[in-house]
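Visitor: Structure incoming, see below.
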Amino acid sequence: MIQDISPFKYHVEYENRKPEKEDFVLPFSREGLALRDTEEIAFFSCREFEEKTEQMVYLFSVDAMRFFYLPVSDETEVDACVGSGHRIIKRQELRRLAPKHFAFVAVTAFQLDGWYRTNKFCGRCGNTLFHDTKERMLLCPACDHRVYPRINPAVIVAVTNGSRLLLTKYRGRAYTNYALVAGFSEIGESFEDTVRREVMEEAGLSVKNIRYYGSQPWAFADNLLAGYFCEVDGSDEIRMDEEELSEACWLEREDIPVEYTDSSLTNEMICAFKNRQNEQS
Ligand SMILES: [Zn+2]
């Protein structure tokens with residue numbers, strides 16, 4: 001999955017660091033992330049944006065590589081620092097960067113870019129928020145309101161029915177491959193409650209034997225996804241939510257089309273069912 005970058009190690013602990021010349025900087029504008037325009041993916045070094053050092057914010061490290069965030073208004077601001085030797089990677093393309101640990105760096109930085117960009121003012125009193133120096137937090141000096149990075153918990157659910165798996169397709173989305181039942185947790189719910197509610201809402205099915213599979217940070221909707229397997233309980237007649245889905249069906253294990261792209265939890269769970277790796281020993 002996208003966060004599996006072994007043997008590299010992700011260090012998210014906040015440190016009140018100042019950029020050094022050899023550190024990396026990720027300049028984000030509304031258009032996307034500016035990268036060096038070379039065949040190989042190359043992040044810019046802080047040296048190349050030296051006059052913007054004051055605006056850089058420490059993000060995280062991977063092994064000994066330290067990454068800093070730099071908000072820029074648009075491409076011309078990048079041009080002014082590094083000339084035309086750069087390219088802009090749009091949000092949807094970030095997860096396809098190579099090597100893989102750079103894709104993880106880019107999407108994780110993208111999530112933090114979204115958080116910084118949408119939290120400039122205090123939601124309680126309207127004052128300008130400041131970057132705290134002890135933790136990754138934005139602080140209102142007037143009313144002490146504290147804003148932490150937003151993480152939305154959500155579930156991915158593989159509902160099984162003997163040798164068949166419940167697969168769905170979203171209505172009106174660019175993503176047209178088969179997916180699993182998925183949805184955000186609501187306030188007051190446990191993950192297991194969310195699993196039962198989402199399967200009922202999307203497919204009209206009751207489930208039992210809910211088992212945790214694994215989790216994944218998913219930057220594109222600020223999610224922390226929790227994957228669960230469960231079994232249909234009682235009738236297996238699907239009553240599909242026509243507003244959200246264009247298709248919901250039971251597919252036999254051998255009929256499941258799997259294009260293995262090792263970045264998403266959904267894909268990994270579908271593969272696990274197809275290859276019988278989800279079965280309890
Ligand atoms: Zn305030």
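Note on naming: chains are A, B, ... as they come in the structure tokens, residues start from 1 per chain, ligands start from 1 in the order shown.
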Kindly compile the residues surrounding ligand 1 within 10 Å, counting only C-alpha atoms and all ligand atoms, and format them as an NGL selection string.

Guide: :A and (121-129 or 139-146)

Visitor: Please save C-alpha atoms of the selected residues as an mmCIF file, in the first residue's frame.

Guide:
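Written output follows (part.cif):
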data_model
loop_
_atom_site.group_PDB
_atom_site.id
_atom_site.type_symbol
_atom_site.label_atom_id
_atom_site.label_comp_id
_atom_site.auth_asym_id
_atom_site.auth_seq_id
_atom_site.Cartn_x
_atom_site.Cartn_y
_atom_site.Cartn_z
ATOM 1 C CA PHE A 121 -8.100 31.951 10.687
ATOM 2 C CA CYS A 122 -9.613 30.894 13.972
ATOM 3 C CA GLY A 123 -13.031 29.297 13.500
ATOM 4 C CA ARG A 124 -14.099 30.541 16.926
ATOM 5 C CA CYS A 125 -13.077 34.227 16.911
ATOM 6 C CA GLY A 126 -11.714 34.971 13.430
ATOM 7 C CA ASN A 127 -8.165 35.889 14.482
ATOM 8 C CA THR A 128 -5.158 34.867 12.405
ATOM 9 C CA LEU A 129 -3.795 31.453 13.462
ATOM 10 C CA LEU A 139 -2.921 28.264 17.645
ATOM 11 C CA CYS A 140 -5.186 31.285 18.059
ATOM 12 C CA PRO A 141 -3.367 33.840 20.256
ATOM 13 C CA ALA A 142 -6.631 35.609 21.104
ATOM 14 C CA CYS A 143 -8.794 32.740 22.384
ATOM 15 C CA ASP A 144 -6.339 29.808 22.659
ATOM 16 C CA HIS A 145 -8.320 27.712 20.163
ATOM 17 C CA ARG A 146 -6.118 24.891 18.838
#

Visitor: Between A:His101, A:Arg136, A:Lys120, A:Arg30, which residue has the minimum interatomic distance to Arg17 of chain A, considering only C-alpha atoms?

Guide: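 Nearest candidate to Arg17 of chain A out of A:His101, A:Arg136, A:Lys120, A:Arg30: A:Arg136.
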
Visitor: Could you list, with a cut-off of 12 Å and counting only C-alpha atoms, the residues of segment 52-99 of chain A near segment 217-221 of chain A, each shown with its nearest atom pair and the distance in Å rounded to one decimal, rows sorted by chain and ascending number, as CSV?

Guide:
residue,atom,partner,partner_atom,distance
A:Arg91,CA,A:Phe220,CA,8.3
A:Gln92,CA,A:Phe220,CA,8.5
A:Glu93,CA,A:Phe220,CA,11.3
A:Leu94,CA,A:Phe220,CA,10.2
A:Arg95,CA,A:Ala219,CA,9.8

Visitor: Output the selection as a CSV table (one decimal), in the first residue's frame - C-alpha atoms for each residue.

Guide:
chain,number,residue,atom,x,y,z
A,91,ARG,CA,-2.9,16.1,-7.2
A,92,GLN,CA,-4.2,13.0,-8.9
A,93,GLU,CA,-0.8,12.2,-10.3
A,94,LEU,CA,1.1,12.4,-7.0
A,95,ARG,CA,0.5,8.8,-6.0

Visitor: Mind running segment 110-225 of chain A against segment 257-277 of chain A at 9 Å and telling me each contacting residue's nearest atom pair with the distance in Å (one decimal), counting only C-alpha atoms, chain and number ascending, as a Markdown table?

Guide:
| residue | atom | partner | partner_atom | distance |
| --- | --- | --- | --- | --- |
| A:Ile156 | CA | A:Thr266 | CA | 6.7 |
| A:Val157 | CA | A:Thr266 | CA | 8.4 |
| A:Ala158 | CA | A:Met269 | CA | 7.2 |
| A:Thr160 | CA | A:Phe273 | CA | 8.7 |
| A:Ser163 | CA | A:Phe273 | CA | 9.0 |
| A:Leu165 | CA | A:Phe273 | CA | 7.7 |
| A:Leu167 | CA | A:Ile270 | CA | 8.9 |
| A:Tyr178 | CA | A:Pro257 | CA | 8.3 |
| A:Ala179 | CA | A:Thr266 | CA | 6.6 |
| A:Leu180 | CA | A:Thr266 | CA | 6.4 |
| A:Tyr213 | CA | A:Met269 | CA | 8.1 |
| A:Gly214 | CA | A:Leu265 | CA | 7.9 |
| A:Ser215 | CA | A:Leu265 | CA | 7.1 |
| A:Gln216 | CA | A:Leu265 | CA | 6.4 |
| A:Trp218 | CA | A:Ser264 | CA | 8.3 |
| A:Leu225 | CA | A:Leu265 | CA | 7.9 |

Visitor: Using N, CA and C atoms, can you export the residues from the last selection as a PDB file, in the first residue's frame?

Guide:
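That gives us out_37.pdb:
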ATOM      1  N   ILE A 156     -13.511   0.625   4.962  1.00  0.00           N
ATOM      2  CA  ILE A 156     -13.601  -0.102   3.695  1.00  0.00           C
ATOM      3  C   ILE A 156     -14.094  -1.490   4.078  1.00  0.00           C
ATOM      4  N   VAL A 157     -15.152  -1.972   3.448  1.00  0.00           N
ATOM      5  CA  VAL A 157     -15.777  -3.223   3.896  1.00  0.00           C
ATOM      6  C   VAL A 157     -15.849  -4.248   2.767  1.00  0.00           C
ATOM      7  N   ALA A 158     -15.242  -5.405   3.029  1.00  0.00           N
ATOM      8  CA  ALA A 158     -15.356  -6.532   2.105  1.00  0.00           C
ATOM      9  C   ALA A 158     -16.404  -7.480   2.678  1.00  0.00           C
ATOM     10  N   THR A 160     -18.426 -10.834   2.408  1.00  0.00           N
ATOM     11  CA  THR A 160     -18.305 -12.106   1.701  1.00  0.00           C
ATOM     12  C   THR A 160     -19.572 -12.935   1.861  1.00  0.00           C
ATOM     13  N   SER A 163     -18.059 -18.159  -1.455  1.00  0.00           N
ATOM     14  CA  SER A 163     -16.966 -17.915  -2.414  1.00  0.00           C
ATOM     15  C   SER A 163     -17.193 -16.634  -3.208  1.00  0.00           C
ATOM     16  N   LEU A 165     -17.846 -12.275  -3.373  1.00  0.00           N
ATOM     17  CA  LEU A 165     -17.517 -11.011  -2.706  1.00  0.00           C
ATOM     18  C   LEU A 165     -18.453  -9.922  -3.239  1.00  0.00           C
ATOM     19  N   LEU A 167     -19.089  -6.520  -4.645  1.00  0.00           N
ATOM     20  CA  LEU A 167     -18.329  -5.454  -5.310  1.00  0.00           C
ATOM     21  C   LEU A 167     -19.278  -4.365  -5.783  1.00  0.00           C
ATOM     22  N   TYR A 178     -14.052  -1.779  -9.993  1.00  0.00           N
ATOM     23  CA  TYR A 178     -14.831  -2.263  -8.859  1.00  0.00           C
ATOM     24  C   TYR A 178     -14.232  -1.745  -7.552  1.00  0.00           C
ATOM     25  N   ALA A 179     -15.113  -1.431  -6.631  1.00  0.00           N
ATOM     26  CA  ALA A 179     -14.679  -0.983  -5.309  1.00  0.00           C
ATOM     27  C   ALA A 179     -15.403  -1.827  -4.266  1.00  0.00           C
ATOM     28  N   LEU A 180     -15.112  -1.549  -3.007  1.00  0.00           N
ATOM     29  CA  LEU A 180     -15.817  -2.193  -1.898  1.00  0.00           C
ATOM     30  C   LEU A 180     -16.729  -1.154  -1.253  1.00  0.00           C
ATOM     31  N   TYR A 213      -9.059  -5.968   9.213  1.00  0.00           N
ATOM     32  CA  TYR A 213      -8.030  -6.441   8.275  1.00  0.00           C
ATOM     33  C   TYR A 213      -6.755  -5.596   8.350  1.00  0.00           C
ATOM     34  N   GLY A 214      -6.893  -4.281   8.227  1.00  0.00           N
ATOM     35  CA  GLY A 214      -5.718  -3.406   8.224  1.00  0.00           C
ATOM     36  C   GLY A 214      -6.163  -1.981   7.973  1.00  0.00           C
ATOM     37  N   SER A 215      -5.208  -1.069   7.965  1.00  0.00           N
ATOM     38  CA  SER A 215      -5.588   0.338   7.807  1.00  0.00           C
ATOM     39  C   SER A 215      -4.656   1.043   6.839  1.00  0.00           C
ATOM     40  N   GLN A 216      -5.074   2.241   6.457  1.00  0.00           N
ATOM     41  CA  GLN A 216      -4.297   2.998   5.495  1.00  0.00           C
ATOM     42  C   GLN A 216      -4.631   4.485   5.596  1.00  0.00           C
ATOM     43  N   TRP A 218      -5.150   7.853   3.775  1.00  0.00           N
ATOM     44  CA  TRP A 218      -5.527   8.145   2.382  1.00  0.00           C
ATOM     45  C   TRP A 218      -5.691   9.649   2.272  1.00  0.00           C
ATOM     46  N   LEU A 225      -8.295   5.105   6.780  1.00  0.00           N
ATOM     47  CA  LEU A 225      -9.214   4.031   6.404  1.00  0.00           C
ATOM     48  C   LEU A 225      -8.951   2.795   7.252  1.00  0.00           C
TER      49      LEU A 225
END

Visitor: Looking only at the backbone, which of the residues in segment 178-208 of chain A does DSSP tag as strand (DSSP E or B), as a VMD selection string?

Guide: chain A and resid 179 181 to 184 207 to 208

Visitor: Using C-alpha atoms, can you export the residues from the last selection as a JSON list (two decimals), in the first residue's frame?

Guide:
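Written output follows (again.json):
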[["chain", "number", "residue", "atom", "x", "y", "z"],
["A", 179, "ALA", "CA", -14.68, -0.98, -5.31],
["A", 181, "VAL", "CA", -18.47, -0.70, 0.34],
["A", 182, "ALA", "CA", -16.94, 2.39, 1.96],
["A", 183, "GLY", "CA", -17.97, 5.33, 4.07],
["A", 184, "PHE", "CA", -17.08, 7.85, 6.73],
["A", 207, "VAL", "CA", -23.62, -8.57, 8.22],
["A", 208, "LYS", "CA", -21.97, -10.64, 10.95]]

Visitor: Which neighbours of Ala248 of chain A fall inside 10 Å, counting only C-alpha atoms, when residues of the same chain fewer than 3 positions from it are skipped, and could you give them as a list in words?

Guide: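 Close residues of Ala248 of chain A: Leu166, Leu167, Thr168, Lys169, Tyr170, Tyr178, Ala179, Leu180, Val181, Glu202, Ala203, Ile238, Arg239, Met240, Asp241, Glu242, Leu245 and Leu251 of chain A.
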
Visitor: Would you save the residues of that selection, restricted to N, CA and C atoms, as an mmCIF file, in the first residue's frame?

Guide:
data_model
loop_
_atom_site.group_PDB
_atom_site.id
_atom_site.type_symbol
_atom_site.label_atom_id
_atom_site.label_comp_id
_atom_site.auth_asym_id
_atom_site.auth_seq_id
_atom_site.Cartn_x
_atom_site.Cartn_y
_atom_site.Cartn_z
ATOM 1 N N LEU A 166 -18.892 -9.044 -2.365
ATOM 2 C CA LEU A 166 -19.743 -7.920 -2.784
ATOM 3 C C LEU A 166 -18.861 -6.816 -3.377
ATOM 4 N N LEU A 167 -19.089 -6.520 -4.645
ATOM 5 C CA LEU A 167 -18.329 -5.454 -5.310
ATOM 6 C C LEU A 167 -19.278 -4.365 -5.783
ATOM 7 N N THR A 168 -18.779 -3.152 -5.802
ATOM 8 C CA THR A 168 -19.632 -2.008 -6.136
ATOM 9 C C THR A 168 -18.929 -1.117 -7.150
ATOM 10 N N LYS A 169 -19.719 -0.301 -7.809
ATOM 11 C CA LYS A 169 -19.157 0.772 -8.630
ATOM 12 C C LYS A 169 -19.862 2.067 -8.254
ATOM 13 N N TYR A 170 -19.067 3.119 -8.083
ATOM 14 C CA TYR A 170 -19.646 4.410 -7.725
ATOM 15 C C TYR A 170 -20.315 5.040 -8.931
ATOM 16 N N TYR A 178 -14.052 -1.779 -9.993
ATOM 17 C CA TYR A 178 -14.831 -2.263 -8.859
ATOM 18 C C TYR A 178 -14.232 -1.745 -7.552
ATOM 19 N N ALA A 179 -15.113 -1.431 -6.631
ATOM 20 C CA ALA A 179 -14.679 -0.983 -5.309
ATOM 21 C C ALA A 179 -15.403 -1.827 -4.266
ATOM 22 N N LEU A 180 -15.112 -1.549 -3.007
ATOM 23 C CA LEU A 180 -15.817 -2.193 -1.898
ATOM 24 C C LEU A 180 -16.729 -1.154 -1.253
ATOM 25 N N VAL A 181 -17.635 -1.630 -0.426
ATOM 26 C CA VAL A 181 -18.469 -0.700 0.341
ATOM 27 C C VAL A 181 -17.538 0.180 1.175
ATOM 28 N N GLU A 202 -25.743 1.014 1.546
ATOM 29 C CA GLU A 202 -25.331 0.875 0.142
ATOM 30 C C GLU A 202 -25.921 -0.367 -0.522
ATOM 31 N N ALA A 203 -26.107 -1.452 0.263
ATOM 32 C CA ALA A 203 -26.515 -2.707 -0.371
ATOM 33 C C ALA A 203 -27.732 -3.362 0.277
ATOM 34 N N ILE A 238 -29.442 -8.132 -2.798
ATOM 35 C CA ILE A 238 -28.894 -6.778 -2.721
ATOM 36 C C ILE A 238 -29.976 -5.746 -3.041
ATOM 37 N N ARG A 239 -30.105 -4.763 -2.177
ATOM 38 C CA ARG A 239 -30.950 -3.591 -2.473
ATOM 39 C C ARG A 239 -30.007 -2.393 -2.532
ATOM 40 N N MET A 240 -29.648 -2.022 -3.767
ATOM 41 C CA MET A 240 -28.574 -1.054 -3.980
ATOM 42 C C MET A 240 -29.036 0.384 -3.770
ATOM 43 N N ASP A 241 -28.140 1.193 -3.197
ATOM 44 C CA ASP A 241 -28.374 2.631 -3.086
ATOM 45 C C ASP A 241 -28.114 3.257 -4.457
ATOM 46 N N GLU A 242 -29.205 3.567 -5.161
ATOM 47 C CA GLU A 242 -29.079 4.007 -6.554
ATOM 48 C C GLU A 242 -28.485 5.395 -6.685
ATOM 49 N N LEU A 245 -24.464 4.460 -5.936
ATOM 50 C CA LEU A 245 -23.806 3.406 -6.711
ATOM 51 C C LEU A 245 -24.467 3.224 -8.070
ATOM 52 N N LEU A 251 -19.682 -11.316 -6.846
ATOM 53 C CA LEU A 251 -18.833 -11.934 -7.877
ATOM 54 C C LEU A 251 -18.094 -13.127 -7.288
#

Visitor: Fewer than 2 positions away in the same chain doesn't count, so skip those; otherwise give me all residues within 10 Å of Ala34 of chain A, counting only C-alpha atoms, as a VMD selection string.

Guide: chain A and resid 25 to 29 31 to 32 36 to 37 42 to 44 72 74 to 75 78 to 79 85 to 90

Visitor: Include C-alpha atoms and write out the residues we just selected as a PDB file, in the first residue's frame.

Guide:
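So selection_8.pdb came out as:
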ATOM      1  CA  VAL A  25      11.405  21.661  -0.059  1.00  0.00           C
ATOM      2  CA  LEU A  26       7.978  20.959  -1.567  1.00  0.00           C
ATOM      3  CA  PRO A  27       6.490  24.102  -3.123  1.00  0.00           C
ATOM      4  CA  PHE A  28       2.721  23.671  -3.391  1.00  0.00           C
ATOM      5  CA  SER A  29       0.423  26.006  -5.295  1.00  0.00           C
ATOM      6  CA  GLU A  31      -2.113  23.818  -9.303  1.00  0.00           C
ATOM      7  CA  GLY A  32      -0.032  21.159  -7.582  1.00  0.00           C
ATOM      8  CA  ARG A  36      12.576  19.496 -10.802  1.00  0.00           C
ATOM      9  CA  ASP A  37      12.054  18.854 -14.489  1.00  0.00           C
ATOM     10  CA  ALA A  42      13.827  15.085  -7.848  1.00  0.00           C
ATOM     11  CA  PHE A  43      12.545  17.333  -5.118  1.00  0.00           C
ATOM     12  CA  PHE A  44      14.069  20.782  -4.956  1.00  0.00           C
ATOM     13  CA  VAL A  72       3.395  29.440  -3.245  1.00  0.00           C
ATOM     14  CA  ASP A  74       1.225  30.064  -8.482  1.00  0.00           C
ATOM     15  CA  GLU A  75       3.732  28.811 -11.004  1.00  0.00           C
ATOM     16  CA  VAL A  78       8.305  29.028  -8.668  1.00  0.00           C
ATOM     17  CA  ASP A  79       9.655  30.422 -11.950  1.00  0.00           C
ATOM     18  CA  GLY A  85      13.389  23.978 -14.985  1.00  0.00           C
ATOM     19  CA  HIS A  86      10.410  22.614 -13.128  1.00  0.00           C
ATOM     20  CA  ARG A  87       7.123  20.895 -13.719  1.00  0.00           C
ATOM     21  CA  ILE A  88       3.870  20.896 -11.813  1.00  0.00           C
ATOM     22  CA  ILE A  89       2.487  17.544 -10.676  1.00  0.00           C
ATOM     23  CA  LYS A  90      -1.266  17.629 -10.199  1.00  0.00           C
TER      24      LYS A  90
END

Visitor: Could you write out, as a count of residues only, all the residues of segment 56-204 of chain A that DSSP marks as alpha helix (DSSP H)?

Guide: 39

Visitor: Kindly indicate which residue among A:Ile2, A:Ser190, A:Tyr58, A:Glu254 lies nearest to Arg96 of chain A, using only C-alpha atoms for the distances.

Guide: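 Closest candidate: A:Ile2.
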
Visitor: So how many Å separate atom CA of Leu33 of chain A and atom CA of Ala174 of chain A, to one decimal?

Guide: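 Pair atom CA of Leu33 of chain A / atom CA of Ala174 of chain A returns 21.7 Å.
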
Visitor: With distances taken over only C-alpha atoms, which of A:Ala98, A:Leu205, A:Val12, A:Val195 is nearest to Phe67 of chain A?

Guide: A:Val12

Visitor: Pick the closest to Tyr228 of chain A from A:Ser206, A:Asn278, A:Ser61, A:Asn161: which is it, counting only C-alpha atoms?

Guide: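 Among the listed residues, the smallest separation from Tyr228 of chain A belongs to A:Asn278.
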
Visitor: For a quick check of understanding, using only C-alpha atoms, which of A:Met200, A:Arg164, A:Tyr148, A:Val62 has the smallest distance to Phe102 of chain A?

Guide: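 With only C-alpha atoms as the atom set, the closest residue is A:Val62.
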